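Undergrad: So here's query_17.cif (mmCIF, C-alpha atoms).
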data_structure
loop_
_atom_site.label_atom_id
_atom_site.label_comp_id
_atom_site.auth_asym_id
_atom_site.auth_seq_id
_atom_site.Cartn_x
_atom_site.Cartn_y
_atom_site.Cartn_z
CA MET A 294 12.01 -22.52 13.98
CA THR A 295 11.82 -25.25 16.57
CA CYS A 296 8.34 -25.72 17.97
CA ASN A 297 7.48 -27.07 21.40
CA SER A 298 5.09 -29.95 20.69
CA ARG A 299 3.36 -29.24 24.00
CA ASP A 300 2.17 -25.88 22.62
CA PRO A 301 -0.60 -26.72 20.13
CA VAL A 302 -1.19 -23.08 19.15
CA GLN A 303 2.42 -22.46 18.20
CA LYS A 304 2.52 -25.83 16.44
CA TRP A 305 -0.57 -24.92 14.40
CA ILE A 306 0.92 -21.54 13.42
CA VAL A 307 4.19 -23.11 12.25
CA GLU A 308 2.51 -25.93 10.34
CA ARG A 309 -0.04 -23.69 8.63
CA ALA A 310 2.64 -21.15 7.73
CA GLY A 311 4.70 -23.93 6.20
CA SER A 312 1.75 -24.98 4.05
CA ILE A 313 1.18 -21.39 2.94
CA ALA A 314 4.86 -20.98 2.03
CA GLU A 315 4.93 -24.24 0.05
CA ARG A 316 2.23 -22.92 -2.27
CA ALA A 317 3.13 -19.25 -2.20
CA VAL A 318 5.73 -19.18 -4.98
CA ARG A 319 3.43 -20.98 -7.40
CA HIS A 320 0.51 -18.69 -6.51
CA LEU A 321 2.73 -15.62 -6.74
CA GLU A 322 3.99 -16.66 -10.16
CA ALA A 323 0.39 -16.81 -11.39
CA LEU A 324 -0.53 -13.39 -9.97
CA VAL A 325 2.64 -11.64 -11.09
CA GLY A 326 2.23 -13.20 -14.53
CA ILE A 327 -0.74 -10.86 -15.01
CA SER A 328 0.16 -7.26 -15.78
CA SER A 329 -2.34 -5.17 -13.81
CA PRO A 330 -1.38 -1.48 -13.73
CA SER A 331 -3.86 0.82 -12.01
CA GLY A 332 -6.79 1.57 -14.28
CA ASP A 333 -6.38 -1.41 -16.60
CA VAL A 334 -9.72 -3.21 -16.39
CA GLU A 335 -8.74 -6.38 -18.26
CA GLY A 336 -5.59 -6.96 -16.21
CA ALA A 337 -7.41 -6.29 -12.94
CA ASN A 338 -10.17 -8.75 -13.80
CA GLU A 339 -7.64 -11.43 -14.74
CA ALA A 340 -5.78 -10.93 -11.45
CA ALA A 341 -9.08 -11.01 -9.54
CA ALA A 342 -10.01 -14.29 -11.25
CA ILE A 343 -6.74 -15.89 -10.12
CA ALA A 344 -7.22 -14.62 -6.57
CA ALA A 345 -10.80 -15.90 -6.53
CA ALA A 346 -9.61 -19.35 -7.62
CA LEU A 347 -7.39 -19.48 -4.52
CA LEU A 348 -10.22 -18.73 -2.07
CA PRO A 349 -11.81 -21.32 0.22
CA ASP A 350 -14.59 -23.22 -1.54
CA HIS A 351 -17.28 -21.84 0.76
CA ALA A 352 -16.19 -18.19 0.54
CA VAL A 353 -18.90 -15.77 -0.58
CA VAL A 354 -17.45 -13.58 -3.34
CA GLU A 355 -18.55 -10.05 -4.22
CA ARG A 356 -17.23 -7.50 -6.71
CA PRO A 357 -18.08 -4.14 -5.11
CA PRO A 358 -17.46 -0.97 -7.14
CA CYS A 359 -13.93 0.35 -7.02
CA SER A 360 -13.39 3.70 -5.30
CA SER A 361 -11.98 5.09 -8.56
CA PRO A 362 -14.10 5.49 -11.71
CA ASN A 363 -13.28 3.49 -14.84
CA HIS A 364 -11.59 0.74 -12.83
CA ALA A 365 -12.54 -2.91 -12.54
CA PRO A 366 -14.62 -3.77 -9.46
CA ASP A 367 -12.73 -4.66 -6.32
CA LEU A 368 -12.70 -8.22 -4.97
CA LEU A 369 -14.34 -8.98 -1.61
CA ALA A 370 -14.50 -12.49 -0.14
CA ARG A 371 -16.27 -13.37 3.11
CA VAL A 372 -16.04 -16.54 5.17
CA ALA A 373 -18.55 -17.04 8.01
CA GLY A 374 -17.73 -18.92 11.20
CA THR A 375 -19.37 -19.90 14.45
CA GLY A 376 -17.28 -17.72 16.78
CA THR A 377 -17.49 -14.03 17.60
CA GLY A 378 -14.50 -12.09 16.22
CA ARG A 379 -14.37 -10.32 12.84
CA ILE A 380 -11.17 -9.65 10.92
CA LEU A 381 -10.53 -7.79 7.67
CA LEU A 382 -7.55 -8.89 5.56
CA LEU A 383 -6.52 -6.12 3.16
CA GLY A 384 -4.48 -5.87 -0.03
CA HIS A 385 -4.39 -4.48 -3.57
CA LEU A 386 -3.95 -6.12 -6.96
CA ASP A 387 -2.86 -3.08 -8.99
CA THR A 388 0.75 -2.11 -9.65
CA VAL A 389 2.50 1.04 -10.88
CA VAL A 390 4.22 -0.81 -13.73
CA SER A 391 2.92 -0.28 -17.27
CA HIS A 392 2.28 -3.22 -19.61
CA GLU A 393 5.37 -2.48 -21.69
CA HIS A 394 7.60 -2.59 -18.61
CA HIS A 395 5.92 -5.52 -16.88
CA ARG A 396 8.31 -8.22 -15.66
CA PRO A 397 7.01 -11.73 -14.89
CA ILE A 398 8.54 -13.83 -12.13
CA GLU A 399 12.15 -14.86 -12.66
CA PRO A 400 14.82 -16.12 -10.24
CA ASP A 401 18.00 -14.28 -9.37
CA PRO A 402 20.90 -16.40 -10.71
CA GLU A 403 23.17 -15.06 -7.96
CA ASN A 404 20.77 -15.17 -5.01
CA ALA A 405 18.53 -18.21 -4.61
CA ASP A 406 16.36 -16.38 -2.06
CA ARG A 407 15.23 -13.71 -4.51
CA LEU A 408 12.43 -13.71 -7.07
CA TYR A 409 12.19 -10.72 -9.38
CA GLY A 410 8.94 -9.49 -10.89
CA SER A 411 6.54 -6.58 -11.09
CA GLY A 412 4.45 -6.41 -7.93
CA THR A 413 6.25 -9.28 -6.19
CA VAL A 414 6.57 -7.26 -2.99
CA ASP A 415 4.10 -4.41 -3.65
CA MET A 416 1.94 -6.16 -3.16
CA LYS A 417 1.04 -9.42 -4.85
CA GLY A 418 3.35 -11.24 -2.45
CA GLY A 419 1.23 -9.84 0.36
CA ASP A 420 -1.96 -10.84 -1.46
CA VAL A 421 -0.74 -14.43 -1.64
CA LEU A 422 -0.09 -14.47 2.11
CA ALA A 423 -3.50 -12.91 2.83
CA LEU A 424 -5.15 -15.64 0.75
CA GLY A 425 -3.16 -18.26 2.65
CA VAL A 426 -4.19 -16.84 6.02
CA LEU A 427 -7.83 -16.78 4.92
CA ASN A 428 -7.67 -20.43 3.93
CA ALA A 429 -5.97 -21.39 7.19
CA LEU A 430 -8.58 -19.61 9.29
CA ALA A 431 -11.44 -20.97 7.18
CA ALA A 432 -10.53 -24.43 8.45
CA ARG A 433 -11.09 -23.21 12.04
CA PRO A 434 -14.62 -21.67 11.87
CA GLU A 435 -15.05 -21.92 15.64
CA LEU A 436 -12.50 -19.10 15.99
CA PHE A 437 -14.43 -16.32 14.27
CA ALA A 438 -17.76 -14.91 13.19
CA GLU A 439 -16.36 -13.56 9.93
CA VAL A 440 -13.10 -13.18 8.08
CA ALA A 441 -13.22 -10.86 5.07
CA LEU A 442 -10.59 -10.35 2.38
CA LEU A 443 -10.66 -7.09 0.41
CA LEU A 444 -8.37 -6.71 -2.61
CA VAL A 445 -8.72 -3.32 -4.30
CA MET A 446 -7.75 -2.29 -7.83
CA ASP A 447 -6.70 1.34 -7.37
CA GLU A 448 -4.41 1.68 -4.37
CA GLU A 449 -1.41 2.85 -6.36
CA TRP A 450 -3.16 5.86 -7.93
CA ARG A 451 -6.41 6.79 -6.25
CA VAL A 452 -7.28 10.49 -6.19
CA GLY A 453 -10.81 10.32 -4.77
CA PRO A 454 -12.26 9.14 -1.44
CA PHE A 455 -11.88 5.53 -0.35
CA SER A 456 -15.31 3.93 -0.45
CA HIS A 457 -15.01 0.88 1.82
CA VAL A 458 -14.44 2.28 5.32
CA GLU A 459 -18.03 2.26 6.60
CA ARG A 460 -18.63 -1.26 5.30
CA PHE A 461 -16.19 -2.67 7.86
CA ALA A 462 -16.85 -0.36 10.78
CA GLY A 463 -17.10 -2.46 13.92
CA PHE A 464 -14.65 -5.16 12.81
CA ASP A 465 -12.24 -6.23 15.52
CA ALA A 466 -9.08 -5.85 13.45
CA CYS A 467 -7.71 -4.90 10.04
CA LEU A 468 -4.59 -6.75 8.93
CA CYS A 469 -2.96 -5.24 5.85
CA PHE A 470 -0.37 -7.15 3.83
CA GLU A 471 1.90 -4.46 2.45
CA ALA A 472 5.59 -5.44 2.44
CA GLY A 473 7.13 -6.69 5.67
CA GLU A 474 10.37 -5.69 7.32
CA LEU A 475 12.81 -6.56 10.09
CA ALA A 476 13.48 -4.36 13.10
CA PRO A 477 17.08 -3.11 13.57
CA GLY A 478 17.72 -5.99 15.96
CA GLY A 479 16.54 -8.59 13.44
CA ASP A 480 13.08 -9.26 14.89
CA ASP A 481 10.01 -9.38 12.68
CA ALA A 482 8.35 -5.96 12.56
CA VAL A 483 4.87 -4.81 11.62
CA VAL A 484 3.72 -1.30 10.76
CA VAL A 485 1.45 0.47 13.23
CA LYS A 486 2.25 4.08 12.33
CA ARG A 487 2.19 5.75 8.92
CA LYS A 488 2.45 9.30 7.71
CA ALA A 489 -0.38 11.13 6.01
CA ALA A 490 0.26 11.45 2.27
CA GLY A 491 -0.83 13.86 -0.40
CA THR A 492 -0.30 14.84 -4.03
CA ILE A 493 -0.12 18.53 -4.85
CA GLU A 494 -0.95 19.65 -8.39
CA VAL A 495 0.14 23.09 -9.57
CA VAL A 496 -1.29 24.38 -12.85
CA ALA A 497 0.38 27.30 -14.67
CA HIS A 498 -1.28 29.58 -17.22
CA GLY A 499 0.92 31.91 -19.27
CA ARG A 500 1.02 33.23 -22.81
CA SER A 501 2.76 31.73 -25.82
CA ALA A 502 5.12 33.65 -28.07
CA HIS A 503 7.92 32.92 -30.51
CA SER A 504 10.96 32.18 -28.37
CA GLY A 505 13.34 33.73 -30.93
CA ALA A 506 11.44 36.62 -32.52
CA ALA A 507 9.41 37.83 -29.53
CA PRO A 508 10.35 35.97 -26.35
CA ASP A 509 9.44 38.85 -24.00
CA ARG A 510 5.88 38.95 -25.28
CA GLY A 511 5.29 35.54 -23.73
CA ARG A 512 4.52 34.58 -20.16
CA ASN A 513 6.60 31.49 -19.47
CA ALA A 514 4.59 28.79 -17.67
CA LEU A 515 7.66 26.56 -17.42
CA LEU A 516 9.64 29.16 -15.50
CA ALA A 517 6.65 29.73 -13.22
CA LEU A 518 6.47 26.02 -12.48
CA ALA A 519 10.20 25.94 -11.78
CA ALA A 520 9.69 28.67 -9.17
CA ALA A 521 6.76 26.74 -7.71
CA ALA A 522 8.89 23.59 -7.49
CA GLN A 523 11.56 25.53 -5.58
CA ALA A 524 8.93 26.99 -3.24
CA ILE A 525 7.52 23.54 -2.50
CA ALA A 526 10.95 22.01 -1.96
CA ALA A 527 11.78 24.81 0.49
CA GLN A 528 9.04 23.46 2.79
CA HIS A 529 10.79 20.08 3.06
CA ASP A 530 11.45 19.59 6.77
CA PRO A 531 11.72 15.88 7.65
CA GLN A 532 13.27 16.63 11.05
CA GLY A 533 10.65 19.23 11.96
CA PRO A 534 7.64 18.84 14.26
CA ASP A 535 5.44 17.33 11.52
CA HIS A 536 8.26 15.37 9.81
CA LEU A 537 7.11 16.97 6.58
CA THR A 538 8.60 15.86 3.27
CA ALA A 539 7.80 17.89 0.15
CA VAL A 540 9.25 16.55 -3.09
CA PRO A 541 8.46 17.83 -6.62
CA THR A 542 8.24 14.72 -8.81
CA VAL A 543 6.72 15.51 -12.22
CA VAL A 544 6.65 18.61 -14.44
CA ARG A 545 5.10 18.94 -17.90
CA SER A 546 5.21 22.11 -19.98
CA GLY A 547 5.84 23.15 -23.55
CA ASP A 548 5.08 21.64 -26.95
CA ALA A 549 7.76 23.03 -29.25
CA PHE A 550 11.42 23.99 -28.90
CA ASN A 551 10.86 27.49 -30.27
CA VAL A 552 7.70 28.56 -28.42
CA VAL A 553 7.40 30.11 -24.96
CA PRO A 554 5.29 27.55 -23.10
CA ALA A 555 1.86 28.89 -22.14
CA GLU A 556 0.59 26.00 -20.01
CA GLY A 557 2.01 23.39 -17.69
CA THR A 558 1.52 21.19 -14.66
CA LEU A 559 3.72 20.34 -11.69
CA ILE A 560 3.15 17.38 -9.34
CA ALA A 561 4.66 17.09 -5.87
CA ASP A 562 4.50 14.32 -3.29
CA VAL A 563 4.00 15.43 0.32
CA ARG A 564 4.08 13.36 3.53
CA ALA A 565 3.66 14.40 7.15
CA ASP A 566 2.39 13.23 10.51
CA ARG A 567 -0.74 15.37 10.00
CA LEU A 568 -2.81 16.18 6.92
CA ASP A 569 -3.02 19.78 8.16
CA ALA A 570 0.72 20.20 7.55
CA PHE A 571 0.13 20.22 3.80
CA ALA A 572 -1.62 23.60 4.01
CA ARG A 573 1.67 25.45 4.42
CA VAL A 574 3.06 23.78 1.30
CA LEU A 575 0.04 24.95 -0.69
CA ASP A 576 0.39 28.44 0.79
CA ALA A 577 4.04 28.60 -0.28
CA VAL A 578 3.19 28.37 -3.99
CA PRO A 579 3.18 31.91 -5.45
CA ALA A 580 0.10 33.10 -7.28
CA GLU A 581 2.10 34.63 -10.14
CA VAL A 582 5.60 34.40 -11.55
CA GLY A 583 6.74 36.53 -14.48
CA GLY A 584 3.16 37.23 -15.52
CA ALA A 585 2.15 33.53 -15.53
CA THR A 586 -0.49 32.58 -12.96
CA LEU A 587 -0.26 29.53 -10.71
CA SER A 588 -3.01 27.62 -8.92
CA ALA A 589 -2.26 24.80 -6.44
CA ARG A 590 -4.55 22.17 -5.00
CA LEU A 591 -4.28 19.00 -2.96
CA GLN A 592 -5.29 16.44 -5.55
CA ARG A 593 -4.90 13.28 -3.48
CA GLU A 594 -4.89 12.92 0.30
CA TRP A 595 -4.46 9.90 2.53
CA PRO A 596 -4.81 10.06 6.31
CA GLY A 597 -2.04 9.01 8.61
CA MET A 598 -2.37 6.25 11.18
CA ASP A 599 -1.00 5.83 14.67
CA ALA A 600 -2.11 2.56 16.25
CA ARG A 601 0.90 2.18 18.54
CA ALA A 602 -1.04 2.39 21.79
CA SER A 603 -4.06 0.34 20.75
CA THR A 604 -2.01 -2.47 19.19
CA ALA A 605 0.69 -2.81 21.87
CA PRO A 606 -1.22 -5.49 23.87
CA LEU A 607 -2.08 -7.28 20.61
CA LEU A 608 1.58 -7.48 19.55
CA GLU A 609 2.55 -8.73 22.99
CA HIS A 610 -0.11 -11.46 22.84
CA ALA A 611 0.84 -12.43 19.28
CA SER A 612 4.51 -12.63 20.27
CA SER A 613 3.68 -15.03 23.08
CA LEU A 614 1.65 -17.22 20.72
CA LEU A 615 4.45 -17.27 18.14
CA GLY A 616 7.27 -17.73 20.60
CA ARG A 617 9.37 -14.85 19.30
CA PRO A 618 9.05 -11.05 19.30
CA ILE A 619 6.84 -9.12 16.88
CA VAL A 620 7.78 -5.47 17.20
CA ALA A 621 6.09 -2.22 16.18
CA ALA A 622 7.49 -0.06 13.37
CA ASP A 623 6.55 3.07 11.45
CA ARG A 624 6.75 3.79 7.73
CA GLY A 625 6.47 6.86 5.53
CA GLY A 626 4.67 5.28 2.59
CA ALA A 627 0.90 5.46 2.21
CA SER A 628 -1.39 2.45 2.57
CA ASP A 629 -5.11 1.70 2.60
CA ALA A 630 -4.65 0.54 6.19
CA SER A 631 -4.58 4.22 7.14
CA HIS A 632 -8.17 4.65 5.95
CA PHE A 633 -9.40 1.87 8.24
CA ALA A 634 -7.38 2.90 11.30
CA SER A 635 -9.91 5.61 12.21
CA THR A 636 -12.75 3.07 12.61
CA ILE A 637 -10.82 -0.15 13.41
CA PRO A 638 -8.40 0.63 16.26
CA LEU A 639 -6.58 -2.72 15.90
CA THR A 640 -5.12 -1.93 12.48
CA VAL A 641 -1.76 -3.54 11.71
CA ASP A 642 0.10 -3.22 8.40
CA GLY A 643 3.29 -4.57 6.86
CA LEU A 644 2.32 -8.24 7.14
CA GLY A 645 3.51 -9.13 3.66
CA PRO A 646 6.82 -10.78 2.73
CA ARG A 647 10.07 -8.86 2.72
CA GLY A 648 11.69 -7.70 -0.47
CA GLY A 649 12.90 -4.54 -2.14
CA ALA A 650 12.94 -2.11 -5.07
CA ALA A 651 9.17 -1.63 -5.09
CA HIS A 652 7.95 0.43 -8.07
CA ASN A 653 11.26 -0.27 -9.84
CA PRO A 654 12.38 -2.69 -12.59
CA GLY A 655 14.43 -4.66 -10.05
CA GLU A 656 11.54 -5.30 -7.65
CA PHE A 657 12.00 -8.58 -5.78
CA VAL A 658 10.61 -10.69 -2.96
CA SER A 659 12.51 -12.82 -0.44
CA ILE A 660 11.39 -16.46 -0.74
CA SER A 661 12.44 -17.37 2.81
CA SER A 662 10.35 -14.54 4.25
CA LEU A 663 7.13 -16.05 2.90
CA ARG A 664 7.14 -18.61 5.71
CA THR A 665 8.23 -16.30 8.53
CA ARG A 666 5.80 -13.56 7.56
CA ALA A 667 2.96 -16.08 7.28
CA GLU A 668 3.78 -17.08 10.86
CA VAL A 669 3.57 -13.45 11.96
CA ALA A 670 0.23 -12.91 10.23
CA LEU A 671 -1.29 -16.09 11.65
CA ALA A 672 -0.09 -15.22 15.15
CA LEU A 673 -1.69 -11.77 14.92
CA ALA A 674 -4.95 -13.21 13.61
CA LEU A 675 -5.09 -15.71 16.45
CA ALA A 676 -4.24 -13.00 18.97
CA VAL A 677 -7.22 -10.98 17.75
CA LEU A 678 -9.56 -13.98 17.86
CA THR A 679 -8.34 -15.39 21.18
CA PRO A 680 -7.90 -12.30 23.37
CA THR A 681 -6.32 -12.59 26.78
CA ALA A 682 -8.44 -12.13 29.89
#
The structure in this file should be written as structure tokens.

TA:
Amino acid sequence: MTCNSRDPVQKWIVERAGSIAERAVRHLEALVGISSPSGDVEGANEAAAIAAALLPDHAVVERPPCSSPNHAPDLLARVAGTGTGRILLLGHLDTVVSHEHHRPIEPDPENADRLYGSGTVDMKGGDVLALGVLNALAARPELFAEVALLLVMDEEWRVGPFSHVERFAGFDACLCFEAGELAPGGDDAVVVKRKAAGTIEVVAHGRSAHSGAAPDRGRNALLALAAAAQAIAAQHDPQGPDHLTAVPTVVRSGDAFNVVPAEGTLIADVRADRLDAFARVLDAVPAEVGGATLSARLQREWPGMDARASTAPLLEHASSLLGRPIVAADRGGASDASHFASTIPLTVDGLGPRGGAAHNPGEFVSISSLRTRAEVALALALAVLTPTA
């Protein structure tokens, strides 16, 4: 974009974003080169070491315990300044891709703007931008009292409580670097509203029997789970008052082709505006089907976030600093930003680069968006640290 040289703030944003983008592909190649699926301690530690090497020299580095057991410690870096504001930059280093399916960075031979690779957009691309923003702000210590960067190791499959919320209570803003997007009109968008998310686990207990000689002596856990899956899917109501989605995703039952399965498990993904909406999905699961018993529980729950009202002045201020609109958006996917939104009202997500096919073999990041999204993130950080009267 063209920058008015008479506007030093806009000039600084554009120049610093350009510097971040120049290094971003190289830094992203290093991070994506490490396979770091959730729960893999060695991969997480290797990714954390690369991220730590990209921190400002005077950053204070900690490795606080991860929220999930048997995971590598999370990475927390703090930079102190001489100002007053405090900002948390948030990301995660784990991916959903197993080692055997990991894909390092590689260009698209038909589209020069695309880089393929596991975690390029979800969310090592965002981590690279967060590191760049931290380095840019570290050179302006008069702007802030503290900038912290938290990169966790379990975002993609955490079933227990998130352990870091209280640590950052009282911070002025949380900026999370999940994948970015464009608004329908083509303006840069950031996420200020997310659905609550949950994982429902249904366990079936039946009785085994020979499926040829005595099939009716068994109690078929697989058929019970099939009925439970239909009951859950019947609650799917994305246009309803809670915008509830209820999608069975995994079922496991049976060990042999000629035995009535006696045990099994069903997993379903649920999303809604309110956590309370999941209760009716649990209530819809029958207690018994064909003599097999079923028990359902909410195994994993993430709060929703709605920071539209609190962040509206911030987005307006950031847009004026950047010289182009930054617009509010909502998204159905879960994010750690939702955990912080209850204690940090200025919580903004979706600051990472744009891309696509997250959680899939064809995952990619847009190279050109690294610069524009760095501009958006820097403008928001400055808007937090230099509030209007």

Undergrad: Using only C-alpha atoms, which of A:Ala497, A:Cys469, A:Leu424, A:Leu568 sits nearest Ser546 (chain A)?

TA: A:Ala497

Undergrad: Please write the residues picked by the PyMOL selection byres ((chain A and resi 415) around 7) on this file as a PyMOL selection string.

TA: chain A and resi 412-414+416-418+471-472+651

Undergrad: Measure the distance from CA of Ser329 (chain A) to CA of Val390 (chain A) in Å and round it to one decimal.

TA: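 One can read the CA of Ser329 (chain A) to CA of Val390 (chain A) distance as 7.9 Å.
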
Undergrad: Restricting the calculation to only C-alpha atoms, which member of A:Met598, A:Val458, A:Leu673, A:Ala585 is positioned closest to Lys486 (chain A)?

TA: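 Distance minimum relative to Lys486 (chain A) lands on A:Met598.
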
Undergrad: Given the file shown, determine the residues that the PyMOL selection byres ((chain A and resi 379) around 7) selects; report them as a list of chain:residue names.

TA: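 That expression, the PyMOL selection byres ((chain A and resi 379) around 7), corresponds here to A:Thr377, A:Gly378, A:Ile380, A:Leu381, A:Phe437, A:Ala438, A:Glu439, A:Val440, A:Phe464, A:Asp465, A:Ala466.
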
Undergrad: Take the PyMOL selection byres ((chain A and resi 517) around 7), run it mentally on this structure, and tell me the resulting residues as a tab-separated table (two decimals) with C-alpha atoms, keeping the file's coordinate frame.

TA:
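Result file follows (expr_4.tsv):
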chain	number	residue	atom	x	y	z
A	497	ALA	CA	0.38	27.30	-14.67
A	513	ASN	CA	6.60	31.49	-19.47
A	514	ALA	CA	4.59	28.79	-17.67
A	515	LEU	CA	7.66	26.56	-17.42
A	516	LEU	CA	9.64	29.16	-15.50
A	518	LEU	CA	6.47	26.02	-12.48
A	519	ALA	CA	10.20	25.94	-11.78
A	520	ALA	CA	9.69	28.67	-9.17
A	521	ALA	CA	6.76	26.74	-7.71
A	582	VAL	CA	5.60	34.40	-11.55
A	583	GLY	CA	6.74	36.53	-14.48
A	585	ALA	CA	2.15	33.53	-15.53

Undergrad: Suppose you want the space between CA of Ala600 (chain A) and CA of Arg451 (chain A); what is it in Å?

TA: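 We find that CA of Ala600 (chain A) and CA of Arg451 (chain A) lie 23.3 Å from each other.
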
Undergrad: Here is a test: counting all atoms listed in the file, which residue of A:Arg510, A:Arg567, A:Arg371, A:His652 is nearest to Trp595 (chain A)?

TA: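 Smallest separation from Trp595 (chain A) among the options: A:Arg567.
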
Undergrad: Calculate how many Å separate CA of Leu678 (chain A) from CA of Arg487 (chain A), rounding to one decimal.

TA: 24.6 Å

Undergrad: Write out as a list in words which residues come within 12 Å of Ser603 (chain A) when counting only C-alpha atoms, dropping same-chain ones fewer than 3 positions away.

TA: Asp465, Ala466, Val485, Lys486, Met598, Asp599, Ala600, Pro606, Leu607, Leu608, Glu609, Ala621, Ala634, Ser635, Ile637, Pro638, Leu639, Thr640 and Val641 of chain A

Undergrad: Quick one: residues within 12 Å of Ala432 (chain A), only C-alpha atoms, excluding same-chain residues fewer than 2 positions away - as number ranges by chain?

TA: A: 305, 309, 348-352, 372-375, 425-430, 434-437, 440
